[in-house]
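What follows is query-v2.cif (mmCIF, C-alpha atoms).
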```cif
data_protein
#
loop_
_atom_site.label_atom_id
_atom_site.label_comp_id
_atom_site.auth_asym_id
_atom_site.auth_seq_id
_atom_site.Cartn_x
_atom_site.Cartn_y
_atom_site.Cartn_z
CA MET A 1 -15.62 9.33 15.04
CA ILE A 2 -15.22 10.31 11.38
CA ASP A 3 -11.60 9.49 10.50
CA PHE A 4 -9.84 10.89 7.42
CA ARG A 5 -6.28 10.03 8.54
CA SER A 6 -5.91 6.83 6.50
CA ASP A 7 -7.79 3.91 4.98
CA THR A 8 -6.12 1.71 7.62
CA VAL A 9 -8.75 2.83 10.15
CA THR A 10 -11.62 0.89 8.54
CA GLN A 11 -13.77 -1.24 10.82
CA PRO A 12 -14.91 -4.78 9.97
CA ASP A 13 -18.66 -4.90 9.38
CA GLU A 14 -21.01 -7.33 11.11
CA ALA A 15 -20.87 -9.90 8.30
CA MET A 16 -17.08 -9.91 8.45
CA ARG A 17 -17.10 -10.20 12.25
CA THR A 18 -19.50 -13.15 12.00
CA ALA A 19 -17.25 -14.87 9.46
CA MET A 20 -14.26 -14.34 11.76
CA ALA A 21 -16.12 -15.76 14.75
CA ASN A 22 -17.04 -18.89 12.79
CA ALA A 23 -13.77 -19.42 10.91
CA PRO A 24 -12.35 -22.96 10.77
CA VAL A 25 -8.87 -22.70 12.30
CA GLY A 26 -5.73 -24.72 12.95
CA ASP A 27 -2.05 -24.12 13.61
CA ASP A 28 -0.75 -22.20 10.61
CA VAL A 29 2.91 -22.81 11.49
CA TYR A 30 2.14 -26.50 10.97
CA ARG A 31 0.18 -25.48 7.81
CA ASP A 32 -2.94 -26.82 9.52
CA ASP A 33 -5.18 -23.75 9.34
CA PRO A 34 -7.77 -24.44 6.61
CA SER A 35 -8.85 -20.79 6.35
CA VAL A 36 -5.28 -19.56 5.83
CA ASN A 37 -4.59 -22.34 3.33
CA THR A 38 -7.74 -21.49 1.38
CA LEU A 39 -6.86 -17.80 1.25
CA GLU A 40 -3.28 -18.45 0.12
CA GLU A 41 -4.26 -20.96 -2.56
CA TRP A 42 -7.09 -18.78 -3.86
CA ALA A 43 -4.98 -15.60 -3.86
CA ALA A 44 -2.13 -17.24 -5.75
CA SER A 45 -4.47 -18.53 -8.44
CA ARG A 46 -6.50 -15.33 -8.65
CA HIS A 47 -3.46 -13.12 -9.20
CA GLY A 48 -1.52 -15.44 -11.50
CA PHE A 49 1.24 -16.62 -9.15
CA ASP A 50 2.35 -20.05 -8.04
CA ALA A 51 2.05 -19.42 -4.31
CA ALA A 52 1.06 -16.90 -1.64
CA LEU A 53 1.88 -16.18 1.99
CA PHE A 54 -0.44 -14.55 4.55
CA THR A 55 1.47 -12.03 6.66
CA ALA A 56 0.72 -9.75 9.59
CA SER A 57 1.23 -6.46 7.72
CA GLY A 58 2.31 -4.79 4.51
CA THR A 59 5.58 -3.81 6.12
CA GLN A 60 6.28 -7.44 6.94
CA ALA A 61 5.28 -8.61 3.47
CA ASN A 62 7.58 -6.07 1.79
CA LEU A 63 10.46 -6.97 4.08
CA LEU A 64 10.01 -10.67 3.35
CA ALA A 65 10.01 -9.91 -0.37
CA LEU A 66 13.23 -7.89 -0.19
CA MET A 67 14.97 -10.51 1.96
CA ALA A 68 13.80 -13.37 -0.26
CA HIS A 69 14.95 -11.65 -3.46
CA CYS A 70 18.25 -10.28 -2.08
CA GLU A 71 21.13 -11.57 0.01
CA ARG A 72 23.23 -9.61 2.49
CA GLY A 73 25.17 -6.92 0.67
CA ASP A 74 22.80 -6.82 -2.30
CA GLU A 75 20.93 -3.72 -3.43
CA TYR A 76 17.40 -2.88 -4.50
CA LEU A 77 16.25 0.09 -6.56
CA CYS A 78 13.18 2.00 -5.43
CA GLY A 79 11.65 5.48 -5.32
CA GLN A 80 12.54 8.22 -2.86
CA GLN A 81 8.85 8.18 -1.90
CA ALA A 82 8.58 4.38 -1.78
CA HIS A 83 6.91 3.09 1.36
CA ASN A 84 9.41 0.25 1.74
CA TYR A 85 12.23 2.81 1.70
CA LYS A 86 10.80 5.82 3.52
CA TYR A 87 8.16 4.53 5.92
CA GLU A 88 9.19 1.03 7.03
CA ALA A 89 11.85 1.88 9.62
CA GLY A 90 14.79 0.90 7.42
CA GLY A 91 13.95 -2.78 7.85
CA ALA A 92 15.69 -3.96 4.68
CA ALA A 93 18.99 -2.42 5.81
CA VAL A 94 18.65 -3.23 9.51
CA LEU A 95 17.33 -6.78 9.27
CA GLY A 96 18.32 -7.85 5.77
CA SER A 97 21.62 -5.98 5.30
CA ILE A 98 20.19 -4.94 1.94
CA GLN A 99 21.22 -1.57 0.53
CA PRO A 100 18.41 0.63 -0.83
CA GLN A 101 19.21 2.78 -3.85
CA PRO A 102 16.42 5.37 -3.98
CA ILE A 103 15.65 7.25 -7.19
CA ASP A 104 13.68 10.50 -7.41
CA ASN A 105 10.10 9.78 -8.38
CA ALA A 106 8.79 11.58 -11.43
CA PRO A 107 5.69 13.77 -10.83
CA ASP A 108 3.43 10.89 -11.92
CA GLY A 109 5.03 8.56 -9.35
CA SER A 110 7.05 6.54 -11.86
CA LEU A 111 10.81 6.02 -11.82
CA PRO A 112 12.60 7.21 -15.00
CA PHE A 113 14.39 4.32 -16.67
CA ASP A 114 17.46 6.38 -17.54
CA LYS A 115 17.97 7.19 -13.87
CA LEU A 116 17.39 3.56 -12.91
CA ALA A 117 19.90 2.35 -15.50
CA ALA A 118 22.50 4.83 -14.25
CA ALA A 119 22.03 3.56 -10.68
CA ILE A 120 22.68 -0.12 -11.48
CA LYS A 121 26.09 -1.02 -10.10
CA PRO A 122 28.86 -2.51 -12.26
CA ASN A 123 29.82 -6.15 -11.81
CA ASP A 124 32.71 -5.24 -9.52
CA PHE A 125 33.39 -6.36 -5.95
CA HIS A 126 33.65 -2.73 -4.86
CA PHE A 127 29.88 -2.35 -5.22
CA ALA A 128 26.72 -3.83 -3.85
CA ARG A 129 25.05 -6.18 -6.32
CA THR A 130 21.90 -4.65 -7.82
CA LYS A 131 19.30 -7.41 -7.75
CA LEU A 132 15.82 -5.93 -7.67
CA LEU A 133 13.59 -3.09 -8.80
CA SER A 134 10.73 -2.33 -6.40
CA LEU A 135 7.77 -0.28 -7.64
CA GLU A 136 4.69 0.92 -5.76
CA ASN A 137 1.18 1.16 -7.20
CA THR A 138 -0.63 3.25 -6.19
CA ILE A 139 2.03 5.64 -4.90
CA GLY A 140 0.76 8.73 -3.12
CA GLY A 141 -2.61 7.94 -4.63
CA LYS A 142 -1.19 8.01 -8.17
CA VAL A 143 -1.69 5.12 -10.58
CA LEU A 144 1.20 3.79 -12.66
CA PRO A 145 0.07 3.25 -16.27
CA LEU A 146 -0.01 -0.28 -17.65
CA SER A 147 2.37 0.80 -20.42
CA TYR A 148 4.92 1.83 -17.79
CA LEU A 149 4.62 -1.52 -16.03
CA ALA A 150 5.24 -3.32 -19.32
CA GLU A 151 8.34 -1.18 -19.90
CA ALA A 152 9.53 -1.95 -16.36
CA ARG A 153 9.27 -5.67 -17.13
CA ILE A 154 11.36 -5.27 -20.27
CA PHE A 155 13.86 -3.10 -18.39
CA CYS A 156 14.30 -5.70 -15.65
CA ASP A 157 14.64 -8.57 -18.09
CA HIS A 158 17.29 -6.62 -20.00
CA HIS A 159 19.27 -5.84 -16.85
CA LYS A 160 18.65 -9.25 -15.24
CA LEU A 161 16.76 -7.78 -12.28
CA GLN A 162 13.78 -9.14 -10.39
CA LEU A 163 10.68 -6.91 -10.30
CA HIS A 164 8.63 -6.48 -7.12
CA LEU A 165 5.41 -4.54 -6.59
CA ASP A 166 4.44 -2.99 -3.30
CA GLY A 167 0.75 -3.33 -4.03
CA ALA A 168 -0.62 -2.05 -0.74
CA ARG A 169 -3.35 -0.25 -2.71
CA VAL A 170 -3.02 -2.17 -5.98
CA TYR A 171 -6.77 -2.79 -6.16
CA ASN A 172 -7.33 0.97 -6.09
CA ALA A 173 -5.06 1.11 -9.14
CA ALA A 174 -6.96 -1.65 -10.92
CA VAL A 175 -10.32 -0.03 -10.22
CA ALA A 176 -9.06 3.38 -11.36
CA LEU A 177 -7.73 1.85 -14.59
CA GLY A 178 -10.87 -0.22 -15.13
CA VAL A 179 -8.89 -3.46 -15.54
CA ASP A 180 -8.72 -6.86 -13.89
CA ILE A 181 -6.01 -7.13 -11.26
CA THR A 182 -4.08 -9.61 -13.44
CA ALA A 183 -3.43 -6.83 -15.98
CA ILE A 184 -1.13 -5.40 -13.29
CA SER A 185 0.15 -8.50 -11.52
CA CYS A 186 1.28 -10.21 -14.76
CA HIS A 187 4.34 -7.95 -15.01
CA PHE A 188 5.87 -8.81 -11.62
CA ASP A 189 7.97 -11.56 -10.06
CA SER A 190 6.40 -10.81 -6.68
CA MET A 191 3.65 -8.60 -5.30
CA THR A 192 2.12 -7.60 -1.99
CA ILE A 193 -1.53 -6.79 -1.33
CA CYS A 194 -2.68 -5.02 1.82
CA LEU A 195 -6.00 -6.38 3.05
CA SER A 196 -6.43 -3.89 5.90
CA LYS A 197 -6.58 -0.63 3.95
CA GLY A 198 -9.42 0.18 1.56
CA LEU A 199 -10.44 -3.47 1.29
CA GLY A 200 -11.55 -3.30 4.90
CA ALA A 201 -10.09 -6.35 6.64
CA PRO A 202 -8.82 -5.70 10.19
CA VAL A 203 -5.34 -7.23 9.81
CA GLY A 204 -3.05 -8.73 7.22
CA SER A 205 -1.33 -8.59 3.86
CA LEU A 206 -0.47 -11.12 1.17
CA LEU A 207 2.86 -11.81 -0.49
CA LEU A 208 2.69 -13.51 -3.90
CA GLY A 209 5.40 -15.12 -6.01
CA SER A 210 6.91 -18.37 -7.22
CA GLN A 211 6.77 -21.46 -5.03
CA ALA A 212 10.51 -21.32 -4.30
CA PHE A 213 10.28 -17.62 -3.47
CA ILE A 214 7.36 -18.13 -1.08
CA ASN A 215 9.10 -21.10 0.57
CA LYS A 216 12.06 -18.85 1.31
CA ALA A 217 9.82 -16.03 2.49
CA ARG A 218 7.92 -18.40 4.79
CA ARG A 219 11.18 -19.37 6.51
CA ILE A 220 12.15 -15.71 6.91
CA ARG A 221 8.69 -14.92 8.28
CA LYS A 222 9.26 -17.52 11.00
CA MET A 223 12.71 -16.06 11.73
CA LEU A 224 11.16 -12.61 12.17
CA GLY A 225 8.51 -13.90 14.57
CA GLY A 226 5.74 -13.73 12.00
CA GLY A 227 4.59 -17.34 12.18
CA MET A 228 0.98 -17.25 13.43
CA ARG A 229 -1.07 -20.03 14.95
CA GLN A 230 -4.89 -19.94 14.62
CA ALA A 231 -4.71 -17.15 12.07
CA GLY A 232 -7.81 -18.30 10.20
CA ILE A 233 -9.93 -15.78 12.09
CA LEU A 234 -7.93 -13.11 10.24
CA ALA A 235 -7.61 -14.96 6.93
CA VAL A 236 -11.39 -15.27 6.45
CA ALA A 237 -11.68 -11.51 6.84
CA GLY A 238 -9.06 -11.06 4.12
CA GLN A 239 -10.87 -13.51 1.86
CA LYS A 240 -14.15 -11.70 2.39
CA ALA A 241 -12.48 -8.34 1.70
CA LEU A 242 -11.08 -9.54 -1.63
CA ASN A 243 -14.36 -11.15 -2.67
CA GLU A 244 -16.74 -8.37 -1.64
CA ASN A 245 -14.98 -5.03 -1.20
CA VAL A 246 -13.16 -4.43 -4.49
CA ASP A 247 -15.89 -2.90 -6.67
CA ARG A 248 -16.90 -0.42 -3.97
CA LEU A 249 -13.43 1.20 -4.12
CA ALA A 250 -14.84 3.26 -7.00
CA GLN A 251 -17.09 5.00 -4.45
CA ASP A 252 -14.04 5.93 -2.38
CA HIS A 253 -12.47 7.45 -5.48
CA ALA A 254 -15.61 9.46 -6.25
CA ASN A 255 -15.77 10.65 -2.64
CA ALA A 256 -12.13 11.73 -2.83
CA GLN A 257 -12.91 13.83 -5.91
CA TYR A 258 -15.82 15.42 -4.07
CA LEU A 259 -13.70 16.02 -0.95
CA ALA A 260 -10.98 17.75 -2.99
CA SER A 261 -13.55 19.98 -4.68
CA GLU A 262 -15.21 20.95 -1.40
CA LEU A 263 -11.92 21.63 0.38
CA HIS A 264 -10.85 23.91 -2.44
CA GLN A 265 -13.85 26.14 -1.77
CA LEU A 266 -12.65 26.90 1.76
CA ASP A 267 -10.60 30.04 2.41
CA GLY A 268 -6.96 29.08 2.90
CA PHE A 269 -7.31 25.61 1.35
CA SER A 270 -6.16 24.68 -2.16
CA THR A 271 -6.17 21.36 -3.99
CA ASP A 272 -5.33 22.86 -7.40
CA ALA A 273 -1.79 21.46 -7.47
CA TYR A 274 -2.83 17.83 -6.94
CA GLN A 275 -4.73 15.50 -9.20
CA VAL A 276 -6.99 13.06 -7.37
CA GLN A 277 -6.75 9.67 -9.07
CA THR A 278 -7.86 7.29 -6.33
CA ASN A 279 -8.79 7.72 -2.64
CA ILE A 280 -6.03 10.10 -1.46
CA VAL A 281 -6.46 13.87 -1.39
CA TYR A 282 -3.65 16.37 -0.90
CA VAL A 283 -4.35 19.95 0.09
CA ASP A 284 -2.22 23.03 0.65
CA ILE A 285 -3.20 24.96 3.79
CA ALA A 286 -2.31 28.61 4.19
CA ASP A 287 0.29 29.52 6.82
CA THR A 288 -2.25 31.86 8.41
CA ILE A 289 -4.28 28.84 9.59
CA GLU A 290 -3.17 27.32 12.89
CA ARG A 291 -3.21 23.67 11.91
CA THR A 292 -2.82 22.16 15.37
CA ARG A 293 -5.62 24.28 16.82
CA LEU A 294 -7.86 23.38 13.87
CA GLN A 295 -7.16 19.67 14.35
CA MET A 296 -8.06 19.91 18.03
CA ARG A 297 -11.31 21.74 17.23
CA LEU A 298 -12.22 18.99 14.76
CA ILE A 299 -11.49 16.27 17.32
CA GLU A 300 -13.96 18.02 19.63
CA LYS A 301 -16.50 17.48 16.84
CA ASP A 302 -15.53 13.77 16.55
CA ILE A 303 -13.54 14.26 13.34
CA ARG A 304 -9.95 13.07 12.95
CA VAL A 305 -7.58 14.53 10.36
CA THR A 306 -3.83 15.00 9.97
CA PHE A 307 -3.02 18.51 8.85
CA SER A 308 0.66 18.50 9.82
CA GLY A 309 2.03 17.51 6.41
CA HIS A 310 2.99 19.88 3.62
CA PRO A 311 0.73 19.23 1.79
CA ALA A 312 -1.80 17.74 4.20
CA ARG A 313 -3.28 14.35 3.29
CA LEU A 314 -6.83 13.10 3.70
CA VAL A 315 -7.99 9.61 2.74
CA THR A 316 -11.44 8.30 1.87
CA HIS A 317 -12.49 4.72 2.61
CA LYS A 318 -15.52 2.52 3.17
CA ASP A 319 -16.38 4.17 6.49
CA ILE A 320 -16.46 7.67 4.96
CA SER A 321 -19.73 8.72 3.35
CA ARG A 322 -20.62 11.78 1.29
CA GLU A 323 -22.42 13.18 4.34
CA ASP A 324 -19.29 12.64 6.45
CA ILE A 325 -17.41 14.82 3.97
CA ASN A 326 -20.09 17.50 4.25
CA THR A 327 -19.79 17.30 8.04
CA LEU A 328 -16.02 17.84 7.78
CA ILE A 329 -16.38 20.83 5.47
CA ARG A 330 -18.98 22.47 7.72
CA ALA A 331 -16.82 21.84 10.79
CA ILE A 332 -13.73 23.41 9.17
CA ALA A 333 -15.74 26.40 8.02
CA ASP A 334 -17.23 26.88 11.49
CA SER A 335 -13.82 26.52 13.16
CA LEU A 336 -12.22 29.03 10.84
#
```

For the structure just supplied, provide its representation as structure tokens.
Amino acid sequence: MIDFRSDTVTQPDEAMRTAMANAPVGDDVYRDDPSVNTLEEWAASRHGFDAALFTASGTQANLLALMAHCERGDEYLCGQQAHNYKYEAGGAAVLGSIQPQPIDNAPDGSLPFDKLAAAIKPNDFHFARTKLLSLENTIGGKVLPLSYLAEARIFCDHHKLQLHLDGARVYNAAVALGVDITAISCHFDSMTICLSKGLGAPVGSLLLGSQAFINKARRIRKMLGGGMRQAGILAVAGQKALNENVDRLAQDHANAQYLASELHQLDGFSTDAYQVQTNIVYVDIADTIERTRLQMRLIEKDIRVTFSGHPARLVTHKDISREDINTLIRAIADSL
């Protein structure tokens, strides 16, 4: 099956499966799993933080970050399109009693500082206490410039806010910018990294921050049922992903550019309105095309897509080759 729905569908390769099968393990709740400990210590050092925490998912890592930074009744600023606001089931409000204050994202994915400043609540008991600014990079496949991140750091210091990065695809951002990951991570008090998207691990995300922050997050992870036992079989996959699968993200970006160009040649498909910066392609599909029927025809050809959005989104990843893209384009043309 050729799957363009997301980069979360990647399959571990044989080398990764072998590493998982042979991973040294222990009880991670007791801090006895050597593979988890190695990953956390290495990740903290590699990204310029004091400590790291291995978590089950990006959603869990973001929730732990929000709950560790904020107390009940506090507020965090984020984008209207932010994953931890729009796509994580309202966890911060439901489980953390933390109020989100979403701001309209600018076309480039950033959050305008004048709008952020206007949203910060006065020091008055009538209001929630604004504690945190949460950014996302990449967001909708768009890369936040390093200059913007530096300004965000200054903004947060001025307003006495903490600064968190939902870095689910942060390595895509680093590769697109041509910089080391620390050029991004250096601006933030905390950061998440998803290991199971383009990096190709089967499960898991990392949360990075100060030692005190991670200690608090570890306790909350246990409270939420996220304490894992012999999790080393997953941690070694994450370690392998970070060590071996970063540089190849550039190929995903090139394939996304090619996919956008080829889609645009099809009648009823247009990618003109969307700039492809990383591995996510958006396409407008004419109303005359029956999207559901087209999806079903593609499934019959062992191709999975999601055409229901406006615009529709397709994602390239390590299991999508240039020939797979050609197969998709031919299948759409034949179906139409």

(Q) I'd like the interatomic distance between atom CA of Ala152 of chain A and atom CA of Ala43 of chain A, to a tenth of an Å. (A) 23.5 Å

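Each of A:His317, A:His126, A:Arg5, A:Lys115 was compared to Gly198 of chain A using only C-alpha atoms, and A:His317 turns out to be the nearest.
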
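A straight line drawn from atom CA of Val36 of chain A to atom CA of Lys197 of chain A is 19.1 Å long.
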
**Q.** Ground truth for the PyMOL selection byres ((chain A and resi 328) around 12), written as a PyMOL selection string
**A.** chain A and resi 1-4+259-260+262-263+266+294-295+297-299+301-305+314+320-327+329-335

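Going from atom CA of Ser210 of chain A over to atom CA of Ser190 of chain A, you cover 7.6 Å.
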
**Q.** Hits from the PyMOL selection byres ((chain A and resi 229-234) around 7), listed as JSON, numbers by chain
**A.** {"A": [20, 21, 23, 24, 25, 26, 27, 28, 29, 33, 35, 36, 203, 227, 228, 235, 236, 237, 238]}

Q: Go through A:Leu224, A:Ile181, A:Cys194, A:Ala273 and flag the residue nearest Gly91 of chain A, using all atoms listed in the file for the distances.
A: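 Using all atoms listed in the file, Gly91 of chain A sits closest to A:Leu224.
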
Q. So which residues touch segment 286-292 of chain A within 9 Å, counting only C-alpha atoms, skipping near sequence neighbours fewer than 6 positions away, as JSON, numbers by chain?
A. {"A": [267, 268, 269, 270, 306, 307, 308, 336]}

Those selected residues, please, written with C-alpha atoms and delivered as a PDB file, keeping the file's coordinate frame.
```
ATOM      1  CA  ASP A 267     -10.600  30.040   2.410  1.00  0.00           C
ATOM      2  CA  GLY A 268      -6.960  29.080   2.900  1.00  0.00           C
ATOM      3  CA  PHE A 269      -7.310  25.610   1.350  1.00  0.00           C
ATOM      4  CA  SER A 270      -6.160  24.680  -2.160  1.00  0.00           C
ATOM      5  CA  THR A 306      -3.830  15.000   9.970  1.00  0.00           C
ATOM      6  CA  PHE A 307      -3.020  18.510   8.850  1.00  0.00           C
ATOM      7  CA  SER A 308       0.660  18.500   9.820  1.00  0.00           C
ATOM      8  CA  LEU A 336     -12.220  29.030  10.840  1.00  0.00           C
TER       9      LEU A 336
END
```

Q: Determine the nearest neighbour of Gly226 of chain A from the options A:Ser6, A:Ala254, A:Ala119, A:Ala56, counting all atoms listed in the file.
A: A:Ala56

Q. Which polymer residues have any atom within 9 Å of an atom of Ala128 of chain A, counting only C-alpha atoms, with same-chain residues fewer than 5 positions away left out, as a ChimeraX atom specification?
A. /A:73-75,98-99,121-123

Q: Compare A:Pro107, A:Asp7, A:Cys78, A:Lys160 by their minimum atom-to-atom distance to Leu249 of chain A, counting all atoms listed in the file, and give me the closest one.
A: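 Result for the nearest residue to Leu249 of chain A: A:Asp7.
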
Q.
Under the rule that all atoms listed in the file are counted, which of A:Gly58, A:Pro100, A:Pro34, A:Pro112 is the nearest residue to Leu77 of chain A?
A.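 Smallest distance to Leu77 of chain A is found for A:Pro100.
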
Could you state which residues are captured by the PyMOL selection byres ((chain A and resi 137) around 10) in this file, as a compact mmCIF listing (two decimals) with C-alpha atoms, in the coordinates of the input?
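In the end it all went to expr_0.txt:
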```txt
# COMPACT_ATOMS: atom_id res chain seq x y z
CA ALA A 82 8.58 4.38 -1.78
CA GLY A 109 5.03 8.56 -9.35
CA SER A 110 7.05 6.54 -11.86
CA LEU A 135 7.77 -0.28 -7.64
CA GLU A 136 4.69 0.92 -5.76
CA THR A 138 -0.63 3.25 -6.19
CA ILE A 139 2.03 5.64 -4.90
CA GLY A 140 0.76 8.73 -3.12
CA GLY A 141 -2.61 7.94 -4.63
CA LYS A 142 -1.19 8.01 -8.17
CA VAL A 143 -1.69 5.12 -10.58
CA LEU A 144 1.20 3.79 -12.66
CA PRO A 145 0.07 3.25 -16.27
CA LEU A 149 4.62 -1.52 -16.03
CA LEU A 165 5.41 -4.54 -6.59
CA ASP A 166 4.44 -2.99 -3.30
CA GLY A 167 0.75 -3.33 -4.03
CA ALA A 168 -0.62 -2.05 -0.74
CA ARG A 169 -3.35 -0.25 -2.71
CA VAL A 170 -3.02 -2.17 -5.98
CA TYR A 171 -6.77 -2.79 -6.16
CA ASN A 172 -7.33 0.97 -6.09
CA ALA A 173 -5.06 1.11 -9.14
CA ALA A 174 -6.96 -1.65 -10.92
CA ILE A 184 -1.13 -5.40 -13.29
```

**Q.** 10 Å contact set for Ser261 of chain A, all atoms listed in the file, chain neighbours under 2 positions out, as a PyMOL selection string
**A.** chain A and resi 255-259+263-266+270-272+276+281

Requested write-out: C-alpha atoms of the selected residues, as an mmCIF file, keeping the file's coordinate frame:
```cif
data_model
loop_
_atom_site.group_PDB
_atom_site.id
_atom_site.type_symbol
_atom_site.label_atom_id
_atom_site.label_comp_id
_atom_site.auth_asym_id
_atom_site.auth_seq_id
_atom_site.Cartn_x
_atom_site.Cartn_y
_atom_site.Cartn_z
ATOM 1 C CA ASN A 255 -15.770 10.650 -2.640
ATOM 2 C CA ALA A 256 -12.130 11.730 -2.830
ATOM 3 C CA GLN A 257 -12.910 13.830 -5.910
ATOM 4 C CA TYR A 258 -15.820 15.420 -4.070
ATOM 5 C CA LEU A 259 -13.700 16.020 -0.950
ATOM 6 C CA LEU A 263 -11.920 21.630 0.380
ATOM 7 C CA HIS A 264 -10.850 23.910 -2.440
ATOM 8 C CA GLN A 265 -13.850 26.140 -1.770
ATOM 9 C CA LEU A 266 -12.650 26.900 1.760
ATOM 10 C CA SER A 270 -6.160 24.680 -2.160
ATOM 11 C CA THR A 271 -6.170 21.360 -3.990
ATOM 12 C CA ASP A 272 -5.330 22.860 -7.400
ATOM 13 C CA VAL A 276 -6.990 13.060 -7.370
ATOM 14 C CA VAL A 281 -6.460 13.870 -1.390
#
```

Q: For the point (-7.6, -18.1, -5.9) in the file's frame, write as a PyMOL selection string all residues with an atom no more than 12 Å away, counting all atoms listed in the file.
A: chain A and resi 37-52+182+208+239+242-243

Q. Looking at all atoms listed in the file, which of A:Gln80, A:Thr192, A:Arg221, A:Arg313 is the one that sits closest to Leu95 of chain A?
A.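 Smallest distance to Leu95 of chain A is found for A:Arg221.
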